[in-house]
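Asker: Quick one, final-v3.pdb (PDB, C-alpha atoms):
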MODEL        1
ATOM      1  CA  MET A   1       6.369 -11.345  19.726
ATOM      2  CA  THR A   2       4.877 -13.497  16.970
ATOM      3  CA  LYS A   3       6.057 -12.284  13.581
ATOM      4  CA  ASP A   4       3.656 -12.059  10.675
ATOM      5  CA  ILE A   5       5.071 -13.516   7.468
ATOM      6  CA  SER A   6       2.284 -11.908   5.414
ATOM      7  CA  THR A   7       3.989  -8.519   5.665
ATOM      8  CA  GLN A   8       6.166  -8.459   2.590
ATOM      9  CA  GLU A   9       6.097  -9.177  -1.082
ATOM     10  CA  ASP A  10       7.877 -12.042  -2.805
ATOM     11  CA  GLN A  11      11.222 -10.628  -3.960
ATOM     12  CA  SER A  12      12.058 -13.301  -6.529
ATOM     13  CA  ASN A  13      13.160 -11.770  -9.845
ATOM     14  CA  ALA A  14      12.270  -8.331  -8.444
ATOM     15  CA  ARG A  15      14.611  -6.448 -10.771
ATOM     16  CA  GLU A  16      13.235  -8.129 -13.887
ATOM     17  CA  ARG A  17       9.640  -7.640 -12.714
ATOM     18  CA  ARG A  18      10.223  -3.942 -12.130
ATOM     19  CA  ALA A  19      11.812  -3.667 -15.575
ATOM     20  CA  ARG A  20       8.623  -5.140 -17.062
ATOM     21  CA  GLY A  21       6.564  -2.451 -15.349
ATOM     22  CA  GLU A  22       5.423  -4.199 -12.167
ATOM     23  CA  PHE A  23       5.451  -2.364  -8.845
ATOM     24  CA  VAL A  24       7.412  -4.571  -6.415
ATOM     25  CA  ARG A  25       7.555  -3.377  -2.817
ATOM     26  CA  GLY A  26      10.915  -3.781  -1.097
ATOM     27  CA  VAL A  27      11.595  -5.502   2.221
ATOM     28  CA  SER A  28      12.145  -3.634   5.482
ATOM     29  CA  GLY A  29      15.662  -4.114   6.841
ATOM     30  CA  PHE A  30      15.265  -3.458  10.586
ATOM     31  CA  ARG A  31      13.414  -6.319  12.265
ATOM     32  CA  ASN A  32      14.247  -6.126  15.980
ATOM     33  CA  ALA A  33      11.440  -6.130  18.537
ATOM     34  CA  ILE A  34      10.514  -4.454  21.763
ATOM     35  CA  GLY A  35      11.076  -7.220  24.295
ATOM     36  CA  ASP A  36      14.395  -8.317  22.774
ATOM     37  CA  PRO A  37      17.335  -8.149  25.237
ATOM     38  CA  ASP A  38      18.463  -4.758  23.896
ATOM     39  CA  PHE A  39      14.982  -3.211  23.757
ATOM     40  CA  ALA A  40      13.141  -3.380  27.059
ATOM     41  CA  PRO A  41       9.446  -2.408  27.065
ATOM     42  CA  GLU A  42       9.417   0.917  28.933
ATOM     43  CA  SER A  43       7.105   3.908  28.839
ATOM     44  CA  GLY A  44       8.698   6.985  27.272
ATOM     45  CA  ARG A  45      11.603   5.092  25.716
ATOM     46  CA  TYR A  46      10.317   4.699  22.151
ATOM     47  CA  HIS A  47       9.553   7.118  19.365
ATOM     48  CA  LEU A  48       7.765   6.874  16.022
ATOM     49  CA  PHE A  49       8.623   8.648  12.806
ATOM     50  CA  VAL A  50       5.607   8.659  10.482
ATOM     51  CA  ALA A  51       3.891  10.386   7.569
ATOM     52  CA  LEU A  52       0.125  10.659   7.873
ATOM     53  CA  ASN A  53      -0.480  10.132   4.151
ATOM     54  CA  CYS A  54       1.324   6.768   4.198
ATOM     55  CA  PRO A  55      -1.028   3.803   4.831
ATOM     56  CA  TRP A  56       1.762   1.720   6.408
ATOM     57  CA  CYS A  57       2.387   4.559   8.878
ATOM     58  CA  HIS A  58      -1.370   4.825   9.382
ATOM     59  CA  ARG A  59      -1.387   1.260  10.737
ATOM     60  CA  VAL A  60       1.087   2.324  13.403
ATOM     61  CA  THR A  61      -0.656   5.570  14.388
ATOM     62  CA  LEU A  62      -3.927   3.628  14.637
ATOM     63  CA  ALA A  63      -2.343   1.076  16.959
ATOM     64  CA  ARG A  64      -0.747   3.814  19.065
ATOM     65  CA  ASN A  65      -4.139   5.476  19.523
ATOM     66  CA  VAL A  66      -6.438   2.499  20.068
ATOM     67  CA  LEU A  67      -3.961   1.035  22.569
ATOM     68  CA  GLY A  68      -3.753   4.305  24.508
ATOM     69  CA  LEU A  69      -0.040   4.887  23.874
ATOM     70  CA  GLN A  70      -0.093   8.558  22.896
ATOM     71  CA  ASN A  71       1.709   9.500  26.123
ATOM     72  CA  GLY A  72       3.976   6.466  26.305
ATOM     73  CA  ILE A  73       5.370   6.688  22.752
ATOM     74  CA  THR A  74       6.378  10.047  21.285
ATOM     75  CA  MET A  75       5.994  10.768  17.568
ATOM     76  CA  ASP A  76       7.209  13.032  14.758
ATOM     77  CA  VAL A  77       5.232  13.644  11.550
ATOM     78  CA  ALA A  78       6.871  14.265   8.165
ATOM     79  CA  PHE A  79       5.432  16.545   5.496
ATOM     80  CA  PRO A  80       3.276  14.515   3.082
ATOM     81  CA  ASN A  81       5.229  15.515  -0.031
ATOM     82  CA  ARG A  82       8.814  14.375  -0.292
ATOM     83  CA  THR A  83      11.767  16.438  -1.472
ATOM     84  CA  GLY A  84      11.880  17.637  -5.078
ATOM     85  CA  ASP A  85      14.564  17.583  -7.737
ATOM     86  CA  ASP A  86      15.928  20.887  -6.448
ATOM     87  CA  ASP A  87      16.712  19.562  -2.973
ATOM     88  CA  PRO A  88      20.490  19.429  -2.267
ATOM     89  CA  GLU A  89      20.108  15.902  -0.884
ATOM     90  CA  GLY A  90      18.094  14.690  -3.863
ATOM     91  CA  PRO A  91      14.449  13.983  -4.682
ATOM     92  CA  ASN A  92      11.836  11.668  -3.177
ATOM     93  CA  LEU A  93      13.022  11.823   0.439
ATOM     94  CA  TRP A  94      10.784  12.079   3.498
ATOM     95  CA  GLN A  95      11.469  15.340   5.314
ATOM     96  CA  PHE A  96      10.478  16.917   8.608
ATOM     97  CA  ALA A  97       9.372  20.345   7.451
ATOM     98  CA  PRO A  98       6.645  21.871   9.643
ATOM     99  CA  ASP A  99       6.943  25.247   7.889
ATOM    100  CA  ARG A 100       6.438  23.899   4.365
ATOM    101  CA  ILE A 101       3.254  25.136   2.697
ATOM    102  CA  ALA A 102       0.700  22.623   1.424
ATOM    103  CA  THR A 103      -0.689  23.521  -1.993
ATOM    104  CA  LEU A 104      -4.066  22.071  -0.971
ATOM    105  CA  THR A 105      -4.583  24.466   1.941
ATOM    106  CA  GLY A 106      -2.184  27.317   1.204
ATOM    107  CA  ASN A 107      -0.838  26.943   4.740
ATOM    108  CA  ALA A 108       1.546  24.842   6.788
ATOM    109  CA  LEU A 109       0.034  21.614   8.101
ATOM    110  CA  PRO A 110      -0.301  21.767  11.896
ATOM    111  CA  GLU A 111       0.360  18.055  12.401
ATOM    112  CA  CYS A 112       3.843  18.251  10.851
ATOM    113  CA  THR A 113       6.794  18.466  13.244
ATOM    114  CA  HIS A 114      10.519  18.909  13.416
ATOM    115  CA  GLU A 115      12.513  15.745  14.083
ATOM    116  CA  THR A 116      12.795  15.310  17.852
ATOM    117  CA  GLY A 117      13.386  11.593  18.375
ATOM    118  CA  THR A 118      17.166  11.533  17.884
ATOM    119  CA  GLY A 119      17.774  14.845  19.639
ATOM    120  CA  LYS A 120      19.688  16.045  16.554
ATOM    121  CA  ARG A 121      16.820  17.791  14.733
ATOM    122  CA  LEU A 122      17.568  15.946  11.510
ATOM    123  CA  ARG A 123      15.769  17.128   8.393
ATOM    124  CA  LEU A 124      15.438  13.854   6.501
ATOM    125  CA  ALA A 125      14.321  10.380   7.504
ATOM    126  CA  ARG A 126      17.219   9.078   5.433
ATOM    127  CA  GLN A 127      19.656  10.667   7.900
ATOM    128  CA  ILE A 128      18.250   8.466  10.682
ATOM    129  CA  TYR A 129      19.127   5.421   8.603
ATOM    130  CA  LEU A 130      22.529   6.735   7.509
ATOM    131  CA  ALA A 131      23.546   7.016  11.159
ATOM    132  CA  GLU A 132      23.297   3.216  11.252
ATOM    133  CA  GLY A 133      24.951   2.652   7.889
ATOM    134  CA  SER A 134      21.724   1.900   6.055
ATOM    135  CA  GLN A 135      20.602   3.226   2.680
ATOM    136  CA  GLU A 136      16.923   2.780   3.497
ATOM    137  CA  GLN A 137      14.663   5.821   3.642
ATOM    138  CA  SER A 138      11.162   4.525   4.363
ATOM    139  CA  LEU A 139       8.665   5.368   7.068
ATOM    140  CA  PRO A 140       7.453   4.355   9.608
ATOM    141  CA  ILE A 141      10.427   3.960  11.925
ATOM    142  CA  LEU A 142      10.241   2.740  15.515
ATOM    143  CA  PHE A 143      13.213   4.320  17.311
ATOM    144  CA  ASP A 144      14.763   3.673  20.727
ATOM    145  CA  LYS A 145      15.627   7.049  22.266
ATOM    146  CA  VAL A 146      17.718   5.485  25.041
ATOM    147  CA  ALA A 147      19.933   3.370  22.776
ATOM    148  CA  GLY A 148      19.787   5.848  19.885
ATOM    149  CA  ARG A 149      18.940   3.020  17.492
ATOM    150  CA  ILE A 150      16.261   1.997  15.016
ATOM    151  CA  VAL A 151      14.286  -0.929  16.385
ATOM    152  CA  ASN A 152      12.031  -1.839  13.479
ATOM    153  CA  ASN A 153      10.646  -0.361  10.258
ATOM    154  CA  GLU A 154       8.107  -3.045   9.327
ATOM    155  CA  SER A 155       4.684  -1.679  10.233
ATOM    156  CA  ALA A 156       2.987  -5.066  10.644
ATOM    157  CA  GLU A 157       5.544  -6.091  13.254
ATOM    158  CA  VAL A 158       5.441  -2.726  15.027
ATOM    159  CA  ILE A 159       1.684  -2.871  15.598
ATOM    160  CA  ARG A 160       2.020  -6.384  16.987
ATOM    161  CA  MET A 161       4.732  -5.460  19.478
ATOM    162  CA  LEU A 162       2.735  -2.418  20.625
ATOM    163  CA  ASP A 163      -0.189  -4.747  21.254
ATOM    164  CA  VAL A 164       1.888  -7.262  23.208
ATOM    165  CA  HIS A 165       3.608  -4.646  25.394
ATOM    166  CA  ALA A 166       0.880  -2.002  25.633
ATOM    167  CA  GLU A 167       0.758  -1.932  29.427
ATOM    168  CA  ALA A 168       4.535  -1.737  29.907
ATOM    169  CA  LEU A 169       4.786   0.939  27.205
ATOM    170  CA  GLY A 170       2.457   3.205  29.159
ATOM    171  CA  SER A 171      -1.067   2.583  27.929
ATOM    172  CA  THR A 172      -3.585   4.887  29.593
ATOM    173  CA  ILE A 173      -6.422   2.423  28.915
ATOM    174  CA  PRO A 174      -7.109  -0.221  31.588
ATOM    175  CA  SER A 175      -6.345  -3.706  30.287
ATOM    176  CA  ALA A 176      -9.969  -4.782  30.708
ATOM    177  CA  ASP A 177     -11.089  -1.995  28.367
ATOM    178  CA  ARG A 178      -8.246  -2.130  25.852
ATOM    179  CA  VAL A 179      -8.605  -3.833  22.461
ATOM    180  CA  TRP A 180      -6.562  -6.986  21.911
ATOM    181  CA  LEU A 181      -5.382  -6.813  18.332
ATOM    182  CA  TYR A 182      -3.903 -10.312  18.176
ATOM    183  CA  PRO A 183      -5.722 -12.471  20.759
ATOM    184  CA  ASP A 184      -3.818 -15.355  22.294
ATOM    185  CA  HIS A 185      -6.049 -18.042  20.858
ATOM    186  CA  PRO A 186      -4.821 -20.407  18.092
ATOM    187  CA  THR A 187      -8.050 -20.472  16.080
ATOM    188  CA  ARG A 188      -8.489 -16.703  16.217
ATOM    189  CA  ARG A 189      -4.870 -16.149  15.272
ATOM    190  CA  GLN A 190      -5.128 -18.472  12.286
ATOM    191  CA  GLU A 191      -8.219 -16.629  11.075
ATOM    192  CA  ILE A 192      -6.458 -13.285  11.497
ATOM    193  CA  GLN A 193      -3.365 -14.521   9.666
ATOM    194  CA  THR A 194      -5.423 -15.856   6.755
ATOM    195  CA  LEU A 195      -7.332 -12.593   6.413
ATOM    196  CA  ASN A 196      -4.135 -10.559   6.809
ATOM    197  CA  GLU A 197      -2.557 -12.338   3.855
ATOM    198  CA  LEU A 198      -5.617 -11.781   1.658
ATOM    199  CA  VAL A 199      -5.954  -8.126   2.654
ATOM    200  CA  TYR A 200      -2.245  -7.396   2.257
ATOM    201  CA  THR A 201      -1.897  -9.073  -1.141
ATOM    202  CA  THR A 202      -5.050  -7.856  -2.863
ATOM    203  CA  ILE A 203      -5.988  -4.659  -0.994
ATOM    204  CA  ASN A 204      -3.094  -2.976   0.855
ATOM    205  CA  ASN A 205      -0.333  -3.763  -1.609
ATOM    206  CA  GLY A 206      -2.813  -4.365  -4.426
ATOM    207  CA  ALA A 207      -3.745  -0.674  -4.444
ATOM    208  CA  TYR A 208      -0.110   0.229  -5.097
ATOM    209  CA  LYS A 209       0.322  -2.394  -7.803
ATOM    210  CA  ALA A 210      -2.745  -1.007  -9.562
ATOM    211  CA  GLY A 211      -1.643   2.597  -9.196
ATOM    212  CA  PHE A 212       2.076   2.343  -9.855
ATOM    213  CA  SER A 213       2.585  -0.615 -12.202
ATOM    214  CA  SER A 214       2.991   0.465 -15.817
ATOM    215  CA  ASP A 215       2.040  -2.885 -17.352
ATOM    216  CA  GLN A 216      -1.631  -2.973 -18.449
ATOM    217  CA  ALA A 217      -2.039  -6.691 -17.799
ATOM    218  CA  ILE A 218      -0.617  -6.427 -14.264
ATOM    219  CA  TYR A 219      -2.863  -3.455 -13.567
ATOM    220  CA  ALA A 220      -5.940  -5.301 -14.863
ATOM    221  CA  ALA A 221      -5.259  -8.439 -12.808
ATOM    222  CA  THR A 222      -4.619  -6.378  -9.686
ATOM    223  CA  PHE A 223      -7.731  -4.275 -10.285
ATOM    224  CA  ASP A 224      -9.861  -7.423 -10.579
ATOM    225  CA  ALA A 225      -8.381  -9.011  -7.434
ATOM    226  CA  TYR A 226      -8.904  -5.791  -5.455
ATOM    227  CA  PHE A 227     -12.595  -5.600  -6.236
ATOM    228  CA  GLU A 228     -13.132  -9.346  -5.872
ATOM    229  CA  THR A 229     -11.783  -9.072  -2.337
ATOM    230  CA  LEU A 230     -13.943  -6.042  -1.563
ATOM    231  CA  ALA A 231     -16.991  -8.042  -2.641
ATOM    232  CA  ALA A 232     -15.905 -11.026  -0.542
ATOM    233  CA  LEU A 233     -15.346  -8.873   2.539
ATOM    234  CA  ASP A 234     -18.688  -7.167   2.010
ATOM    235  CA  GLY A 235     -20.290 -10.614   1.933
ATOM    236  CA  ARG A 236     -18.421 -11.645   5.059
ATOM    237  CA  LEU A 237     -19.905  -8.674   6.920
ATOM    238  CA  SER A 238     -23.423  -9.325   5.612
ATOM    239  CA  ASP A 239     -24.202 -11.701   8.508
ATOM    240  CA  GLY A 240     -24.325  -8.729  10.888
ATOM    241  CA  ARG A 241     -20.934  -9.165  12.523
ATOM    242  CA  PRO A 242     -19.507  -5.753  13.495
ATOM    243  CA  PHE A 243     -15.889  -6.591  12.612
ATOM    244  CA  LEU A 244     -14.117  -8.902  10.195
ATOM    245  CA  THR A 245     -13.529 -11.755  12.633
ATOM    246  CA  GLY A 246     -16.661 -11.278  14.701
ATOM    247  CA  ALA A 247     -17.588  -9.172  17.695
ATOM    248  CA  GLU A 248     -14.131  -7.781  18.464
ATOM    249  CA  PHE A 249     -11.942  -5.272  16.606
ATOM    250  CA  THR A 250      -8.645  -6.986  15.753
ATOM    251  CA  GLU A 251      -5.429  -6.498  13.820
ATOM    252  CA  THR A 252      -7.159  -7.434  10.560
ATOM    253  CA  ASP A 253      -9.649  -4.571  10.877
ATOM    254  CA  LEU A 254      -6.795  -2.208  11.677
ATOM    255  CA  ARG A 255      -4.807  -3.319   8.617
ATOM    256  CA  LEU A 256      -7.757  -3.027   6.220
ATOM    257  CA  PHE A 257      -8.878   0.392   7.437
ATOM    258  CA  PRO A 258      -6.084   2.620   5.995
ATOM    259  CA  THR A 259      -6.703   1.475   2.418
ATOM    260  CA  LEU A 260     -10.492   1.727   2.564
ATOM    261  CA  TYR A 261     -10.246   5.106   4.337
ATOM    262  CA  ARG A 262      -8.329   6.369   1.278
ATOM    263  CA  HIS A 263     -10.321   4.606  -1.437
ATOM    264  CA  ASP A 264     -13.225   6.957  -2.236
ATOM    265  CA  PRO A 265     -11.430  10.317  -1.871
ATOM    266  CA  VAL A 266      -7.984   9.284  -3.198
ATOM    267  CA  TYR A 267      -7.449   5.792  -4.611
ATOM    268  CA  TYR A 268     -10.551   5.813  -6.820
ATOM    269  CA  VAL A 269      -8.733   8.373  -8.983
ATOM    270  CA  ARG A 270      -5.031   8.270  -8.064
ATOM    271  CA  MET A 271      -4.665   4.467  -8.079
ATOM    272  CA  LYS A 272      -7.034   3.970 -11.028
ATOM    273  CA  LEU A 273      -9.346   1.901  -8.798
ATOM    274  CA  ASN A 274     -12.505   3.374 -10.260
ATOM    275  CA  GLY A 275     -14.544   0.175 -10.379
ATOM    276  CA  ALA A 276     -16.687   1.212  -7.421
ATOM    277  CA  ARG A 277     -16.601   3.249  -4.239
ATOM    278  CA  ILE A 278     -16.628   1.738  -0.777
ATOM    279  CA  LEU A 279     -19.921   3.592  -0.473
ATOM    280  CA  ASP A 280     -21.269   1.147  -3.077
ATOM    281  CA  TYR A 281     -20.660  -1.814  -0.736
ATOM    282  CA  ALA A 282     -23.275  -1.347   1.986
ATOM    283  CA  HIS A 283     -21.782  -3.682   4.593
ATOM    284  CA  LEU A 284     -18.204  -2.524   4.034
ATOM    285  CA  TRP A 285     -19.280   1.131   4.186
ATOM    286  CA  ARG A 286     -21.023   0.576   7.505
ATOM    287  CA  TRP A 287     -17.945  -1.280   8.769
ATOM    288  CA  LEU A 288     -15.759   1.645   7.669
ATOM    289  CA  CYS A 289     -18.006   4.109   9.517
ATOM    290  CA  ARG A 290     -18.092   1.831  12.566
ATOM    291  CA  VAL A 291     -14.306   1.629  12.744
ATOM    292  CA  HIS A 292     -13.932   5.364  12.113
ATOM    293  CA  ALA A 293     -16.156   6.014  15.139
ATOM    294  CA  LEU A 294     -14.004   3.975  17.539
ATOM    295  CA  PRO A 295     -12.038   6.017  20.112
ATOM    296  CA  GLY A 296      -8.721   7.218  18.693
ATOM    297  CA  ILE A 297      -9.339   6.175  15.083
ATOM    298  CA  SER A 298     -10.376   9.465  13.468
ATOM    299  CA  THR A 299      -7.433  11.355  14.958
ATOM    300  CA  ALA A 300      -4.843   8.787  13.812
ATOM    301  CA  GLY A 301      -4.893   9.925  10.173
ATOM    302  CA  SER A 302      -5.591  12.879   7.911
ATOM    303  CA  LEU A 303      -7.217  12.978   4.492
ATOM    304  CA  ILE A 304      -5.678  16.421   3.958
ATOM    305  CA  HIS A 305      -2.259  14.791   4.263
ATOM    306  CA  CYS A 306      -3.420  11.910   2.051
ATOM    307  CA  ARG A 307      -4.720  14.146  -0.719
ATOM    308  CA  GLN A 308      -1.675  16.422  -0.547
ATOM    309  CA  GLY A 309       0.726  13.479  -0.487
ATOM    310  CA  TYR A 310      -0.732  11.388  -3.287
ATOM    311  CA  PHE A 311      -1.834  14.071  -5.730
ATOM    312  CA  GLY A 312       0.899  16.536  -4.817
ATOM    313  CA  ARG A 313       3.473  14.171  -6.318
ATOM    314  CA  SER A 314       1.457  13.374  -9.442
ATOM    315  CA  TRP A 315       2.577  14.633 -12.861
ATOM    316  CA  ASN A 316       1.330  18.208 -12.408
ATOM    317  CA  GLY A 317       1.094  18.428  -8.616
ATOM    318  CA  VAL A 318      -2.517  19.637  -8.623
ATOM    319  CA  VAL A 319      -4.727  18.254  -5.843
ATOM    320  CA  PRO A 320      -8.373  17.552  -6.806
ATOM    321  CA  LYS A 321     -10.972  19.409  -4.740
ATOM    322  CA  GLY A 322     -13.554  16.628  -4.452
ATOM    323  CA  PRO A 323     -15.386  14.490  -3.861
ATOM    324  CA  PHE A 324     -18.262  16.455  -2.361
ATOM    325  CA  LYS A 325     -21.134  14.049  -3.177
ATOM    326  CA  PRO A 326     -22.888  12.720  -1.183
ATOM    327  CA  MET A 327     -20.784  14.901   1.150
ATOM    328  CA  GLU A 328     -17.162  15.744   1.795
ATOM    329  CA  TYR A 329     -14.775  13.227   3.311
ATOM    330  CA  PRO A 330     -13.989  12.339   6.100
ATOM    331  CA  GLU A 331     -17.312  13.785   7.313
ATOM    332  CA  ALA A 332     -19.085  11.125   5.235
ATOM    333  CA  TYR A 333     -17.673   8.448   7.542
ATOM    334  CA  ASN A 334     -20.004   9.730  10.247
ATOM    335  CA  TYR A 335     -23.030   8.621   8.208
ATOM    336  CA  PRO A 336     -23.323   4.842   7.797
ATOM    337  CA  GLN A 337     -26.842   5.382   6.407
ATOM    338  CA  LEU A 338     -25.374   6.843   3.191
ATOM    339  CA  ALA A 339     -24.898   3.310   1.893
ATOM    340  CA  LEU A 340     -27.877   1.829   0.127
ATOM    341  CA  GLY A 341     -29.005  -1.736   0.704
TER     342      GLY A 341
ENDMDL
END
Please express what this file holds, its structure, as structure tokens.

Answerer:
Amino acid sequence: MTKDISTQEDQSNARERRARGEFVRGVSGFRNAIGDPDFAPESGRYHLFVALNCPWCHRVTLARNVLGLQNGITMDVAFPNRTGDDDPEGPNLWQFAPDRIATLTGNALPECTHETGTGKRLRLARQIYLAEGSQEQSLPILFDKVAGRIVNNESAEVIRMLDVHAEALGSTIPSADRVWLYPDHPTRRQEIQTLNELVYTTINNGAYKAGFSSDQAIYAATFDAYFETLAALDGRLSDGRPFLTGAEFTETDLRLFPTLYRHDPVYYVRMKLNGARILDYAHLWRWLCRVHALPGISTAGSLIHCRQGYFGRSWNGVVPKGPFKPMEYPEAYNYPQLALG
């Protein structure tokens, strides 16, 4: 498996940068791969732990679906809000709580599950890490049910290994019909890598720096870079190409989609990215609708989980009801003609 170095943020002076108010994303600690000597590519062997509100998890659920691995790789879904201050294990921990009530709907969320991957019905994702002596607590996690070990918790690497080993992992899609997220062609790969770095820095991670950094200057610079990249990507798509690198859906499209899927209904408000909607970029909006319509894409995420997860942990926990103009989301993604121009 080819690793992607554009998957993590520079950690130099991270403590000082955080003290100055910058959001600095940490580095994932488990970096093994399916295909390594200890982790053979086998259908039914691997399990994913995810949260549907998390965009990094969304990458992985997208890959699982578009590669036809729903039967070959099992999956558990955490509740979108983490534990509170009253939890005996502490706050801000991912938990598997299918009976917990979402304030947005007044009901339990049907996608949420108990933990089934370890066979121990653990309540917290942190407990999966503690079993291996790690203090990490992030999702997603790719878990080996045979070895009882974490394989990898870096989403960019997980989607690449699923792509490489899709057939051996039990894809139900014939190879001739299956997307190839990272084509084995040097020029294509270089283009994908270059776009990945831009999208990760200014869009994927940029949304979090804008939303969670407390320094006004950092926020402003991140805000500007985010919208400059949106404009550049909109221009890139203006030549009529259906996807970012041309005629084929690739890893770069998959990595951009989770952030843009969240932008209008969530990030515009929650991440203070109110410069424009994706709907205001005609070519990007049509791209977003085009990707959303691909088999397996719409069922790989949930805006109910997104809205509950992001706003449910804001200062007062109240989840906004909108937007409802021009129509509610995600239904709007079925109408590429909503974009003007």

Asker: Taking the file as I've supplied it (selection: the PyMOL selection byres ((chain A and resi 40) around 12)), which residues are included? Please answer as a list in words.

Answerer: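 Residues picked by the PyMOL selection byres ((chain A and resi 40) around 12): Asn32, Ala33, Ile34, Gly35, Asp36, Pro37, Asp38, Phe39, Pro41, Glu42, Ser43, Gly44, Arg45, Tyr46, Asp144, Lys145, Val146, Ala147, Val151, Met161, His165, Ala168 and Leu169 of chain A.
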
Asker: I need the residues from that last selection saved to file as a JSON list (two decimals), in the coordinates of the input (with C-alpha atoms), if you can.

Answerer:
[["chain", "number", "residue", "atom", "x", "y", "z"],
["A", 32, "ASN", "CA", 14.25, -6.13, 15.98],
["A", 33, "ALA", "CA", 11.44, -6.13, 18.54],
["A", 34, "ILE", "CA", 10.51, -4.45, 21.76],
["A", 35, "GLY", "CA", 11.08, -7.22, 24.30],
["A", 36, "ASP", "CA", 14.40, -8.32, 22.77],
["A", 37, "PRO", "CA", 17.34, -8.15, 25.24],
["A", 38, "ASP", "CA", 18.46, -4.76, 23.90],
["A", 39, "PHE", "CA", 14.98, -3.21, 23.76],
["A", 41, "PRO", "CA", 9.45, -2.41, 27.06],
["A", 42, "GLU", "CA", 9.42, 0.92, 28.93],
["A", 43, "SER", "CA", 7.10, 3.91, 28.84],
["A", 44, "GLY", "CA", 8.70, 6.98, 27.27],
["A", 45, "ARG", "CA", 11.60, 5.09, 25.72],
["A", 46, "TYR", "CA", 10.32, 4.70, 22.15],
["A", 144, "ASP", "CA", 14.76, 3.67, 20.73],
["A", 145, "LYS", "CA", 15.63, 7.05, 22.27],
["A", 146, "VAL", "CA", 17.72, 5.48, 25.04],
["A", 147, "ALA", "CA", 19.93, 3.37, 22.78],
["A", 151, "VAL", "CA", 14.29, -0.93, 16.39],
["A", 161, "MET", "CA", 4.73, -5.46, 19.48],
["A", 165, "HIS", "CA", 3.61, -4.65, 25.39],
["A", 168, "ALA", "CA", 4.54, -1.74, 29.91],
["A", 169, "LEU", "CA", 4.79, 0.94, 27.20]]

Asker: Can you work out which one of A:Phe227, A:Phe49, A:Phe30, A:Tyr200 has the shortest atom-to-atom distance to Gln135 in chain A, counting only C-alpha atoms?

Answerer: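 Counting only C-alpha atoms, the residue closest to Gln135 in chain A is A:Phe30.
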
Asker: With all atoms of range 216-233 of chain A from the file as input, state the centre and edge lengths in Å to one decimal of the axis-aligned box that has 4 Å extra on each side, as lines of an AutoDock Vina configuration file.

Answerer:
center_x = -8.8
center_y = -7.0
center_z = -8.0
size_x = 24.4
size_y = 16.1
size_z = 29.0

Asker: As an exercise, work out the distance from CA of Cys54 in chain A to CA of Ala293 in chain A in Å and give it to one decimal place.

Answerer: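 So the answer is 20.6 Å.
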
Asker: Rank A:Arg64, A:Arg31, A:His283, A:His47 by their smallest atom-to-atom distance to Thr172 in chain A, using only C-alpha atoms, and report the top residue only.

Answerer: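 When distances to Thr172 in chain A are compared using only C-alpha atoms, the smallest one comes from A:Arg64.
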